[in-house]
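Dumped my_file33.csv below, it's CSV, C-alpha atoms:
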```csv
chain,number,residue,atom,x,y,z
A,27,MET,CA,-3.5,-39.5,-0.2
A,28,SER,CA,-2.1,-40.3,-3.6
A,29,SER,CA,-0.8,-43.5,-2.2
A,30,SER,CA,-4.2,-44.9,-1.4
A,31,PRO,CA,-5.1,-47.8,-3.7
A,32,GLU,CA,-8.1,-46.1,-5.2
A,33,ALA,CA,-6.1,-43.1,-6.3
A,34,ARG,CA,-3.6,-45.4,-8.0
A,35,VAL,CA,-6.3,-47.4,-9.8
A,36,GLU,CA,-8.3,-44.5,-11.0
A,37,ALA,CA,-6.0,-42.0,-12.7
A,38,PRO,CA,-7.4,-38.5,-12.9
A,39,PRO,CA,-8.8,-37.7,-16.3
A,40,GLU,CA,-6.2,-34.9,-16.9
A,41,ALA,CA,-3.5,-37.6,-17.0
A,42,ARG,CA,-4.9,-38.9,-20.2
A,43,PRO,CA,-3.2,-37.8,-23.5
A,44,GLN,CA,-5.4,-35.2,-25.2
A,45,PRO,CA,-5.2,-33.1,-28.4
A,46,ARG,CA,-3.3,-30.0,-27.5
A,47,SER,CA,-5.0,-27.4,-29.7
A,48,LEU,CA,-7.4,-26.9,-32.6
A,49,THR,CA,-4.5,-27.1,-34.9
A,50,ASP,CA,-3.4,-30.4,-33.4
A,51,LEU,CA,-7.0,-31.7,-34.0
A,52,PHE,CA,-7.0,-30.5,-37.6
A,53,VAL,CA,-3.6,-31.9,-38.4
A,54,SER,CA,-4.3,-35.2,-36.7
A,55,PHE,CA,-7.6,-35.8,-38.5
A,56,THR,CA,-6.1,-34.7,-41.8
A,57,LEU,CA,-3.3,-37.3,-41.5
A,58,LEU,CA,-5.8,-39.9,-40.4
A,59,ALA,CA,-8.0,-39.2,-43.4
A,60,LEU,CA,-5.1,-39.3,-45.9
A,61,GLN,CA,-4.0,-42.7,-44.6
A,62,GLY,CA,-7.5,-44.1,-44.9
A,63,PHE,CA,-7.9,-45.8,-48.3
A,64,GLY,CA,-11.2,-47.5,-48.7
A,65,GLY,CA,-12.4,-46.3,-45.3
A,66,VAL,CA,-10.9,-44.3,-42.5
A,67,LEU,CA,-12.2,-46.2,-39.5
A,68,ALA,CA,-9.3,-48.7,-39.3
A,69,VAL,CA,-6.9,-45.9,-39.2
A,70,VAL,CA,-8.9,-43.9,-36.6
A,71,GLN,CA,-9.0,-46.9,-34.3
A,72,ARG,CA,-5.3,-47.6,-34.6
A,73,GLU,CA,-4.1,-44.0,-34.3
A,74,LEU,CA,-6.5,-42.5,-31.7
A,75,VAL,CA,-6.9,-45.6,-29.5
A,76,GLU,CA,-3.6,-47.5,-29.9
A,77,LYS,CA,-1.1,-44.8,-30.6
A,78,LYS,CA,-2.3,-41.4,-29.3
A,79,ARG,CA,-4.4,-43.0,-26.6
A,80,TRP,CA,-7.0,-40.2,-26.6
A,81,MET,CA,-9.6,-42.8,-25.9
A,82,THR,CA,-9.9,-46.4,-24.6
A,83,ARG,CA,-11.4,-49.3,-26.7
A,84,GLU,CA,-14.5,-49.2,-24.6
A,85,GLU,CA,-15.0,-45.4,-25.2
A,86,PHE,CA,-14.3,-45.9,-28.9
A,87,VAL,CA,-17.0,-48.5,-29.2
A,88,GLU,CA,-19.5,-46.3,-27.3
A,89,GLU,CA,-18.8,-43.3,-29.5
A,90,TRP,CA,-18.9,-45.5,-32.6
A,91,ALA,CA,-22.3,-46.7,-31.6
A,92,VAL,CA,-23.6,-43.1,-31.5
A,93,ALA,CA,-21.8,-42.2,-34.8
A,94,GLN,CA,-23.3,-45.3,-36.4
A,95,ILE,CA,-26.9,-44.7,-35.4
A,96,MET,CA,-26.9,-41.0,-36.4
A,97,PRO,CA,-27.4,-40.1,-40.0
A,98,GLY,CA,-24.4,-39.1,-42.0
A,99,PRO,CA,-21.0,-40.6,-42.8
A,100,ASN,CA,-20.0,-42.6,-39.7
A,101,VAL,CA,-16.4,-41.7,-39.6
A,102,VAL,CA,-17.2,-38.0,-40.1
A,103,ASN,CA,-19.7,-38.2,-37.3
A,104,LEU,CA,-17.0,-39.8,-35.1
A,105,SER,CA,-14.4,-37.1,-35.8
A,106,LEU,CA,-17.0,-34.4,-35.1
A,107,MET,CA,-17.9,-36.0,-31.8
A,108,ILE,CA,-14.3,-36.4,-30.7
A,109,GLY,CA,-13.4,-32.9,-31.6
A,110,GLY,CA,-16.4,-31.5,-29.8
A,111,ARG,CA,-15.6,-33.5,-26.7
A,112,TYR,CA,-12.3,-31.7,-26.2
A,113,PHE,CA,-12.9,-28.1,-27.6
A,114,GLY,CA,-16.7,-27.8,-28.1
A,115,LEU,CA,-18.1,-26.5,-31.4
A,116,PRO,CA,-14.7,-25.1,-32.6
A,117,GLY,CA,-13.1,-28.5,-31.9
A,118,ALA,CA,-15.9,-30.3,-33.8
A,119,MET,CA,-15.4,-27.9,-36.8
A,120,ALA,CA,-11.6,-28.4,-36.7
A,121,ALA,CA,-11.9,-32.2,-36.7
A,122,LEU,CA,-14.5,-32.1,-39.5
A,123,ALA,CA,-12.4,-29.7,-41.6
A,124,GLY,CA,-9.4,-32.0,-41.1
A,125,MET,CA,-11.4,-35.0,-42.2
A,126,LEU,CA,-12.7,-33.3,-45.4
A,127,ALA,CA,-10.6,-30.4,-46.6
A,128,VAL,CA,-7.4,-32.0,-47.9
A,129,PRO,CA,-9.0,-35.3,-48.9
A,130,LEU,CA,-11.4,-33.3,-51.0
A,131,LEU,CA,-8.5,-31.8,-52.9
A,132,VAL,CA,-7.0,-35.2,-53.4
A,133,VAL,CA,-10.2,-36.7,-54.7
A,134,LEU,CA,-10.7,-33.8,-57.1
A,135,SER,CA,-7.2,-34.1,-58.5
A,136,LEU,CA,-7.8,-37.9,-58.9
A,137,ALA,CA,-11.0,-37.2,-60.8
A,138,LEU,CA,-9.1,-34.8,-63.1
A,139,VAL,CA,-6.5,-37.4,-64.0
A,140,TYR,CA,-8.8,-40.4,-63.9
A,141,ALA,CA,-10.0,-40.0,-67.6
A,142,HIS,CA,-6.4,-40.8,-68.8
A,143,PHE,CA,-6.1,-44.0,-66.9
A,144,ALA,CA,-9.6,-45.3,-66.7
A,145,GLY,CA,-9.0,-48.0,-69.3
A,146,ASN,CA,-5.6,-49.2,-67.9
A,147,PRO,CA,-5.9,-52.8,-66.7
A,148,HIS,CA,-2.9,-52.3,-64.2
A,149,VAL,CA,-4.7,-49.4,-62.5
A,150,ALA,CA,-8.0,-51.3,-62.4
A,151,GLY,CA,-6.0,-54.3,-60.9
A,152,ALA,CA,-4.3,-52.1,-58.3
A,153,LEU,CA,-7.7,-50.7,-57.2
A,154,ARG,CA,-9.0,-54.2,-56.9
A,155,GLY,CA,-6.0,-55.2,-54.7
A,156,MET,CA,-6.4,-52.2,-52.5
A,157,GLY,CA,-10.1,-52.9,-52.2
A,158,ALA,CA,-9.4,-56.4,-50.9
A,159,VAL,CA,-6.9,-55.1,-48.4
A,160,ALA,CA,-9.4,-52.4,-47.2
A,161,ALA,CA,-12.0,-55.2,-46.6
A,162,GLY,CA,-9.5,-57.0,-44.4
A,163,LEU,CA,-8.6,-53.8,-42.5
A,164,ILE,CA,-12.3,-53.2,-41.6
A,165,ALA,CA,-12.9,-56.7,-40.5
A,166,ALA,CA,-9.7,-56.7,-38.3
A,167,THR,CA,-10.9,-53.4,-36.7
A,168,GLY,CA,-14.0,-55.2,-35.6
A,169,LEU,CA,-12.1,-58.3,-34.4
A,170,LYS,CA,-9.8,-56.1,-32.2
A,171,LEU,CA,-12.7,-54.3,-30.6
A,172,VAL,CA,-14.2,-57.6,-29.4
A,173,THR,CA,-12.0,-57.2,-26.2
A,174,ALA,CA,-14.1,-54.1,-25.4
A,175,LEU,CA,-17.0,-56.5,-24.6
A,176,LYS,CA,-15.1,-58.1,-21.8
A,177,ASN,CA,-17.0,-56.4,-19.0
A,178,HIS,CA,-20.3,-56.0,-20.8
A,179,PRO,CA,-23.4,-56.1,-18.6
A,180,LEU,CA,-25.1,-58.7,-20.8
A,181,GLY,CA,-22.2,-61.2,-20.3
A,182,LYS,CA,-20.1,-63.0,-22.9
A,183,THR,CA,-22.7,-65.4,-24.2
A,184,MET,CA,-25.4,-62.9,-24.9
A,185,CYS,CA,-22.9,-60.6,-26.5
A,186,ALA,CA,-21.8,-63.4,-28.8
A,187,VAL,CA,-25.4,-64.2,-29.7
A,188,PHE,CA,-26.1,-60.6,-30.6
A,189,ALA,CA,-22.9,-60.3,-32.6
A,190,LEU,CA,-23.4,-63.5,-34.5
A,191,ALA,CA,-27.1,-62.6,-35.3
A,192,THR,CA,-26.0,-59.2,-36.5
A,193,PHE,CA,-23.3,-60.6,-38.7
A,194,ALA,CA,-25.7,-63.2,-40.2
A,195,ALA,CA,-28.4,-60.5,-40.8
A,196,ILE,CA,-26.0,-58.1,-42.6
A,197,ALA,CA,-23.3,-60.2,-44.2
A,198,LEU,CA,-25.3,-63.4,-45.1
A,199,LEU,CA,-28.9,-62.3,-45.4
A,200,ARG,CA,-28.1,-58.8,-46.5
A,201,TRP,CA,-31.0,-57.2,-44.6
A,202,PRO,CA,-31.2,-53.4,-44.6
A,203,LEU,CA,-29.0,-51.8,-41.9
A,204,LEU,CA,-31.8,-49.7,-40.5
A,205,TYR,CA,-33.9,-52.7,-39.6
A,206,VAL,CA,-31.0,-54.5,-38.0
A,207,LEU,CA,-30.0,-51.4,-35.9
A,208,LEU,CA,-33.6,-50.9,-34.8
A,209,GLY,CA,-34.4,-54.6,-34.3
A,210,LEU,CA,-31.3,-56.3,-32.8
A,211,GLY,CA,-29.9,-53.0,-31.6
A,212,GLY,CA,-33.1,-52.1,-29.8
A,213,LEU,CA,-33.4,-55.5,-28.2
A,214,ALA,CA,-29.8,-55.4,-27.0
A,215,CYS,CA,-30.3,-51.9,-25.5
A,216,VAL,CA,-33.5,-52.9,-23.7
A,217,MET,CA,-31.8,-56.0,-22.3
A,218,THR,CA,-28.8,-54.0,-21.2
A,219,PHE,CA,-31.1,-51.5,-19.6
A,220,ARG,CA,-32.8,-54.2,-17.5
A,221,LYS,CA,-29.6,-55.9,-16.6
A,222,MET,CA,-28.2,-52.6,-15.3
A,223,GLY,CA,-31.3,-52.1,-13.2
A,224,ARG,CA,-31.1,-55.5,-11.6
A,225,ARG,CA,-27.4,-55.1,-10.7
A,226,GLY,CA,-28.5,-51.9,-8.9
A,227,GLN,CA,-26.3,-49.6,-11.0
B,17,MET,CA,-23.1,-34.2,-72.0
B,18,SER,CA,-24.4,-30.6,-71.8
B,19,ILE,CA,-27.3,-29.4,-69.6
B,20,SER,CA,-28.5,-26.2,-68.2
B,21,LEU,CA,-29.5,-25.6,-64.6
B,22,SER,CA,-31.6,-22.7,-63.3
B,23,ALA,CA,-31.2,-21.2,-59.9
B,24,GLY,CA,-34.3,-23.2,-58.9
B,25,ASP,CA,-32.6,-26.4,-60.1
B,26,TRP,CA,-29.5,-25.7,-57.9
B,27,LEU,CA,-31.8,-25.1,-55.0
B,28,SER,CA,-33.7,-28.3,-55.5
B,29,LEU,CA,-30.3,-30.1,-55.8
B,30,PHE,CA,-29.4,-28.6,-52.4
B,31,LEU,CA,-32.7,-29.5,-50.8
B,32,HIS,CA,-32.6,-33.0,-52.2
B,33,TYR,CA,-29.2,-33.6,-50.6
B,34,MET,CA,-30.3,-32.1,-47.3
B,35,VAL,CA,-33.2,-34.7,-47.2
B,36,LEU,CA,-30.9,-37.5,-48.1
B,37,SER,CA,-28.5,-36.4,-45.4
B,38,LEU,CA,-31.2,-37.0,-42.8
B,39,LEU,CA,-31.9,-40.4,-44.2
B,40,SER,CA,-28.3,-41.5,-44.4
B,41,VAL,CA,-28.1,-43.8,-41.4
B,42,GLY,CA,-25.2,-46.1,-42.0
B,43,GLY,CA,-23.4,-43.5,-44.2
B,44,ALA,CA,-24.1,-41.5,-47.3
B,45,ILE,CA,-23.4,-44.5,-49.5
B,46,THR,CA,-26.7,-46.1,-48.3
B,47,THR,CA,-28.6,-43.3,-50.2
B,48,ALA,CA,-26.6,-43.7,-53.4
B,49,SER,CA,-29.4,-45.6,-55.1
B,50,ASP,CA,-31.7,-42.6,-54.5
B,51,MET,CA,-29.1,-40.2,-55.8
B,52,HIS,CA,-29.0,-42.4,-59.0
B,53,ARG,CA,-32.7,-42.2,-59.3
B,54,TYR,CA,-32.7,-38.4,-58.9
B,55,LEU,CA,-29.6,-37.3,-60.8
B,56,VAL,CA,-29.4,-39.9,-63.6
B,57,ASP,CA,-32.9,-41.2,-64.2
B,58,SER,CA,-35.3,-38.4,-63.3
B,59,GLN,CA,-33.3,-35.1,-63.9
B,60,GLY,CA,-30.7,-36.3,-66.4
B,61,TRP,CA,-28.0,-34.1,-64.9
B,62,LEU,CA,-25.4,-36.9,-64.7
B,63,SER,CA,-24.5,-39.7,-67.1
B,64,GLU,CA,-24.4,-43.3,-66.0
B,65,SER,CA,-20.6,-43.5,-66.3
B,66,GLN,CA,-20.1,-40.2,-64.4
B,67,PHE,CA,-22.2,-41.6,-61.6
B,68,SER,CA,-20.3,-44.9,-61.2
B,69,ALA,CA,-16.9,-43.2,-61.7
B,70,SER,CA,-17.7,-40.7,-58.9
B,71,ILE,CA,-18.2,-43.6,-56.5
B,72,ALA,CA,-15.2,-45.6,-57.7
B,73,ILE,CA,-12.8,-42.7,-57.5
B,74,ALA,CA,-13.9,-41.7,-54.0
B,75,GLN,CA,-13.6,-45.3,-52.8
B,76,ALA,CA,-10.1,-45.6,-54.2
B,77,ALA,CA,-8.9,-42.2,-52.8
B,78,PRO,CA,-7.9,-41.7,-49.2
B,79,GLY,CA,-10.4,-40.1,-46.9
B,80,PRO,CA,-14.1,-40.6,-46.1
B,81,ASN,CA,-16.2,-42.2,-48.8
B,82,VAL,CA,-18.8,-39.4,-48.6
B,83,LEU,CA,-16.5,-37.4,-50.9
B,84,PHE,CA,-18.2,-39.3,-53.8
B,85,VAL,CA,-21.0,-36.7,-53.2
B,86,ALA,CA,-18.6,-33.9,-53.9
B,87,LEU,CA,-17.6,-35.5,-57.2
B,88,MET,CA,-21.2,-35.9,-58.2
B,89,GLY,CA,-21.9,-32.2,-57.6
B,90,TRP,CA,-18.6,-31.4,-59.5
B,91,ASN,CA,-19.7,-33.4,-62.5
B,92,VAL,CA,-23.2,-31.9,-62.5
B,93,GLY,CA,-21.5,-28.5,-62.6
B,94,LEU,CA,-19.1,-29.5,-65.4
B,95,ASN,CA,-22.1,-30.7,-67.5
B,96,ALA,CA,-23.8,-27.4,-66.9
B,97,GLY,CA,-20.7,-25.5,-68.2
B,98,GLY,CA,-17.2,-25.3,-66.9
B,99,MET,CA,-15.1,-25.1,-63.8
B,100,PRO,CA,-16.8,-22.3,-61.8
B,101,LEU,CA,-20.1,-24.2,-62.0
B,102,ALA,CA,-18.3,-27.4,-61.1
B,103,LEU,CA,-17.1,-25.7,-57.9
B,104,LEU,CA,-20.6,-24.4,-57.2
B,105,GLY,CA,-22.1,-27.9,-57.8
B,106,MET,CA,-19.5,-29.5,-55.5
B,107,THR,CA,-20.1,-26.9,-52.7
B,108,ILE,CA,-23.9,-27.2,-52.9
B,109,ALA,CA,-23.8,-31.0,-52.9
B,110,MET,CA,-21.3,-31.2,-50.0
B,111,LEU,CA,-23.1,-28.6,-47.8
B,112,GLY,CA,-26.4,-30.3,-48.5
B,113,ILE,CA,-25.2,-33.8,-47.5
B,114,MET,CA,-23.2,-32.5,-44.5
B,115,ILE,CA,-25.2,-29.8,-42.7
B,116,PRO,CA,-28.3,-31.7,-41.5
B,117,SER,CA,-26.5,-34.8,-40.3
B,118,THR,CA,-23.6,-33.1,-38.7
B,119,THR,CA,-25.9,-30.7,-36.8
B,120,LEU,CA,-28.0,-33.5,-35.6
B,121,THR,CA,-25.0,-35.6,-34.6
B,122,TYR,CA,-23.3,-32.8,-32.7
B,123,LEU,CA,-26.4,-31.9,-30.7
B,124,ALA,CA,-27.2,-35.6,-30.0
B,125,SER,CA,-23.6,-36.3,-28.8
B,126,ARG,CA,-23.6,-33.2,-26.6
B,127,TRP,CA,-26.9,-34.3,-25.1
B,128,GLY,CA,-25.6,-37.8,-24.6
B,129,HIS,CA,-22.4,-36.6,-23.0
B,130,GLU,CA,-24.2,-34.3,-20.6
B,131,ASN,CA,-26.6,-37.1,-19.6
B,132,ARG,CA,-24.0,-39.9,-19.7
B,133,GLU,CA,-24.9,-41.0,-16.1
B,134,LEU,CA,-28.5,-41.7,-17.1
B,135,ARG,CA,-29.2,-45.4,-17.2
B,136,GLY,CA,-30.9,-45.1,-20.6
B,137,VAL,CA,-27.9,-43.4,-22.2
B,138,ARG,CA,-25.5,-46.0,-20.7
B,139,ALA,CA,-27.7,-48.8,-21.8
B,140,PHE,CA,-27.9,-47.5,-25.3
B,141,LYS,CA,-24.2,-47.1,-25.7
B,142,GLN,CA,-23.3,-50.4,-24.1
B,143,GLY,CA,-26.2,-52.3,-25.6
B,144,MET,CA,-25.2,-51.2,-29.1
B,145,ALA,CA,-21.6,-52.4,-28.6
B,146,PRO,CA,-21.9,-56.0,-29.7
B,147,ILE,CA,-24.0,-54.9,-32.7
B,148,VAL,CA,-21.6,-52.3,-34.0
B,149,ILE,CA,-18.6,-54.5,-33.6
B,150,ALA,CA,-20.3,-57.3,-35.6
B,151,LEU,CA,-21.3,-54.7,-38.2
B,152,LEU,CA,-17.6,-53.9,-38.8
B,153,ILE,CA,-16.8,-57.5,-39.4
B,154,ALA,CA,-19.8,-57.9,-41.6
B,155,THR,CA,-18.8,-54.8,-43.7
B,156,GLY,CA,-15.4,-56.3,-44.3
B,157,TRP,CA,-17.1,-59.6,-45.4
B,158,ILE,CA,-19.4,-57.7,-47.8
B,159,LEU,CA,-16.5,-55.7,-49.3
B,160,ALA,CA,-14.5,-58.8,-49.8
B,161,THR,CA,-17.3,-60.9,-51.4
B,162,GLY,CA,-19.0,-58.3,-53.5
B,163,ALA,CA,-22.5,-58.9,-54.8
B,164,ALA,CA,-22.1,-62.7,-55.3
B,165,TYR,CA,-20.0,-65.6,-54.1
B,166,THR,CA,-17.8,-67.0,-56.9
B,167,TRP,CA,-14.9,-69.4,-56.6
B,168,SER,CA,-12.8,-67.3,-59.0
B,169,ASP,CA,-12.7,-64.6,-56.4
B,170,TRP,CA,-10.5,-66.7,-54.1
B,171,PRO,CA,-7.4,-64.4,-54.4
B,172,ILE,CA,-9.4,-61.5,-53.2
B,173,TRP,CA,-10.7,-63.5,-50.3
B,174,SER,CA,-7.2,-64.7,-49.4
B,175,ILE,CA,-5.8,-61.1,-49.4
B,176,ALA,CA,-8.6,-59.9,-47.2
B,177,ILE,CA,-8.2,-62.8,-44.7
B,178,VAL,CA,-4.4,-62.4,-44.6
B,179,THR,CA,-4.8,-58.6,-44.1
B,180,ALA,CA,-7.3,-59.1,-41.3
B,181,ALA,CA,-5.0,-61.6,-39.5
B,182,LEU,CA,-2.0,-59.3,-39.8
B,183,VAL,CA,-3.8,-56.2,-38.6
B,184,TRP,CA,-5.5,-58.1,-35.8
B,185,ARG,CA,-2.3,-59.7,-34.5
B,186,THR,CA,0.6,-57.4,-35.5
B,187,ARG,CA,1.4,-53.7,-35.5
B,188,ILE,CA,2.4,-53.5,-39.1
B,189,HIS,CA,1.7,-50.1,-40.7
B,190,LEU,CA,-1.6,-50.1,-42.7
B,191,LEU,CA,0.0,-48.3,-45.6
B,192,TRP,CA,2.4,-51.3,-46.3
B,193,LEU,CA,-0.6,-53.6,-46.6
B,194,LEU,CA,-2.4,-51.2,-49.0
B,195,GLY,CA,0.8,-50.9,-51.0
B,196,ALA,CA,1.2,-54.6,-51.2
B,197,GLY,CA,-2.4,-55.0,-52.3
B,198,ALA,CA,-2.0,-52.4,-55.0
B,199,LEU,CA,1.2,-54.1,-56.2
B,200,ILE,CA,-0.4,-57.5,-56.4
B,201,GLY,CA,-3.4,-56.0,-58.3
B,202,TRP,CA,-1.1,-54.0,-60.6
B,203,MET,CA,0.8,-57.2,-61.6
B,204,GLY,CA,-2.5,-58.8,-62.5
B,205,TRP,CA,-2.3,-61.6,-59.9
B,206,ILE,CA,-5.9,-61.1,-58.8
```
What does this structure look like when you write it as structure tokens?
Amino acid sequence: MSSSPEARVEAPPEARPQPRSLTDLFVSFTLLALQGFGGVLAVVQRELVEKKRWMTREEFVEEWAVAQIMPGPNVVNLSLMIGGRYFGLPGAMAALAGMLAVPLLVVLSLALVYAHFAGNPHVAGALRGMGAVAAGLIAATGLKLVTALKNHPLGKTMCAVFALATFAAIALLRWPLLYVLLGLGGLACVMTFRKMGRRGQ
Amino acid sequence: MSISLSAGDWLSLFLHYMVLSLLSVGGAITTASDMHRYLVDSQGWLSESQFSASIAIAQAAPGPNVLFVALMGWNVGLNAGGMPLALLGMTIAMLGIMIPSTTLTYLASRWGHENRELRGVRAFKQGMAPIVIALLIATGWILATGAAYTWSDWPIWSIAIVTAALVWRTRIHLLWLLGAGALIGWMGWI
């Protein structure tokens, strides 16, 4: 039975790597958060999708869509959802605590020493340099996830049209995020919904 | 600065953050302008420089940017008198900004997962995919360009573009890149 082609193509879900325990979740998310200067998302994508393989790129984009549309910090929402997926409410709490507890202590310590270095031009320069790198990290995360659109119901051309329109609205025209999510996002969802129906899925 | 807050003031701080939590689609930072209006302009609980330092420090530190809210609560408490109140302010602000949005997200993602076979749920998740991917690239763009496009910013642009190319095409560890960026900035080359 296991030699049938179908069984080989579709591995059972248990075969996927998973967090082993609540402690594993807490420690994993703490380490993720502590590596995330200027935004944690780039690290989350690299660690959870590429290294730990807890989720595929497609799953990551789908969860990210939900995390993005809900109120609250996106990356905190994402950790909450991933933790909850594996261990229910305790998992969500463990991931959330991992994301916030230790980084909170770090931020507080930084705030306490900040007064001494606020005027130092080297420190200000270093912050600017890290900011520029962080900008590149986030853009690269988006570029990598483009491959998740390969089998999209709308097809490559329509996906590109939506992506370019979103980029122009946010980056060039600086429209409010909410309108773009409701307008372009809503239209994309309706079109996907209709495409899915036509393909009889 | 020195201020005094009654129990009612702490409660209204908590409630204000709970409301902002529900409005913070796209992250807590999108409500920062309203926090400024409330804390600095209307209540006078926070100075202008404390407000902007709270955001700058949280951006520079590792971890989610929402921690700037913790620093604001901390500073309000410090202004009201010392460390214990600072801890109280931090706790109130963080619980206020986190509880409504996390509860809503948890319930919504549970519902979405239980109904993941529904055509509507699948259409939503897949339909949003090109949008959210483009949003990431746009966010990188905005962070690199800041409020205005100026030619003197070309070193920042170059660093951002080189970083993006390296992360996209290689498996180099992200902390090396951040370290290099910090070094270049420290030396005053940007």
Point to revise | Within 8 Å of Gly89 (chain B) using only C-alpha atoms, minus same-chain residues under 4 positions, as number ranges by chain | key: B: 85, 93, 102, 104-110
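Here CA of Ser28 (chain B) is placed at a distance of 10.7 Å from CA of Tyr54 (chain B).
All residues of protein, DNA or RNA that reach within 9 Å of region 57-67 of chain A, judged by only C-alpha atoms and not counting those fewer than 6 positions away in the chain, are Glu73, Asn100, Val101, Gly124, Met125, Leu126, Val128, Pro129, Val132, Met156, Gly157, Val159, Ala160, Ala161, Leu163, Ile164 and Thr167 of chain A; Ala74, Gln75, Ala76, Ala77, Pro78, Gly79, Pro80, Asn81, Leu190, Leu191 and Leu194 of chain B.
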Practice item. Mind checking which residues fall within 7 Å of Val183 (chain B), counting only C-alpha atoms, ignoring those fewer than 4 positions away in the same chain, and posting them as a list of chain:residue names? Key: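 With the cut-off at 7 Å, the set is A:Leu163, A:Ala166, B:Thr179, B:Arg187, B:Ile188.
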I need the chosen residues saved as a tab-separated table (two decimals), in the coordinates of the input, with C-alpha atoms.
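Result written to out.tsv:
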```tsv
chain	number	residue	atom	x	y	z
A	163	LEU	CA	-8.60	-53.80	-42.50
A	166	ALA	CA	-9.70	-56.70	-38.30
B	179	THR	CA	-4.80	-58.60	-44.10
B	187	ARG	CA	1.40	-53.70	-35.50
B	188	ILE	CA	2.40	-53.50	-39.10
```
Exercise for review: Work out how far apart CA of Ile73 (chain B) and CA of Asn146 (chain A) are and give it in Å to one decimal.
Suggested key: 14.2 Å
**Study point:** Nearby residues (all atoms listed in the file) at most 9 Å from Asp169 (chain B), same-chain spacing under 4 positions excluded, as a list in words
**Key:** Ala160, Thr161, Tyr165, Trp173, Ser174 and Ile206 of chain B
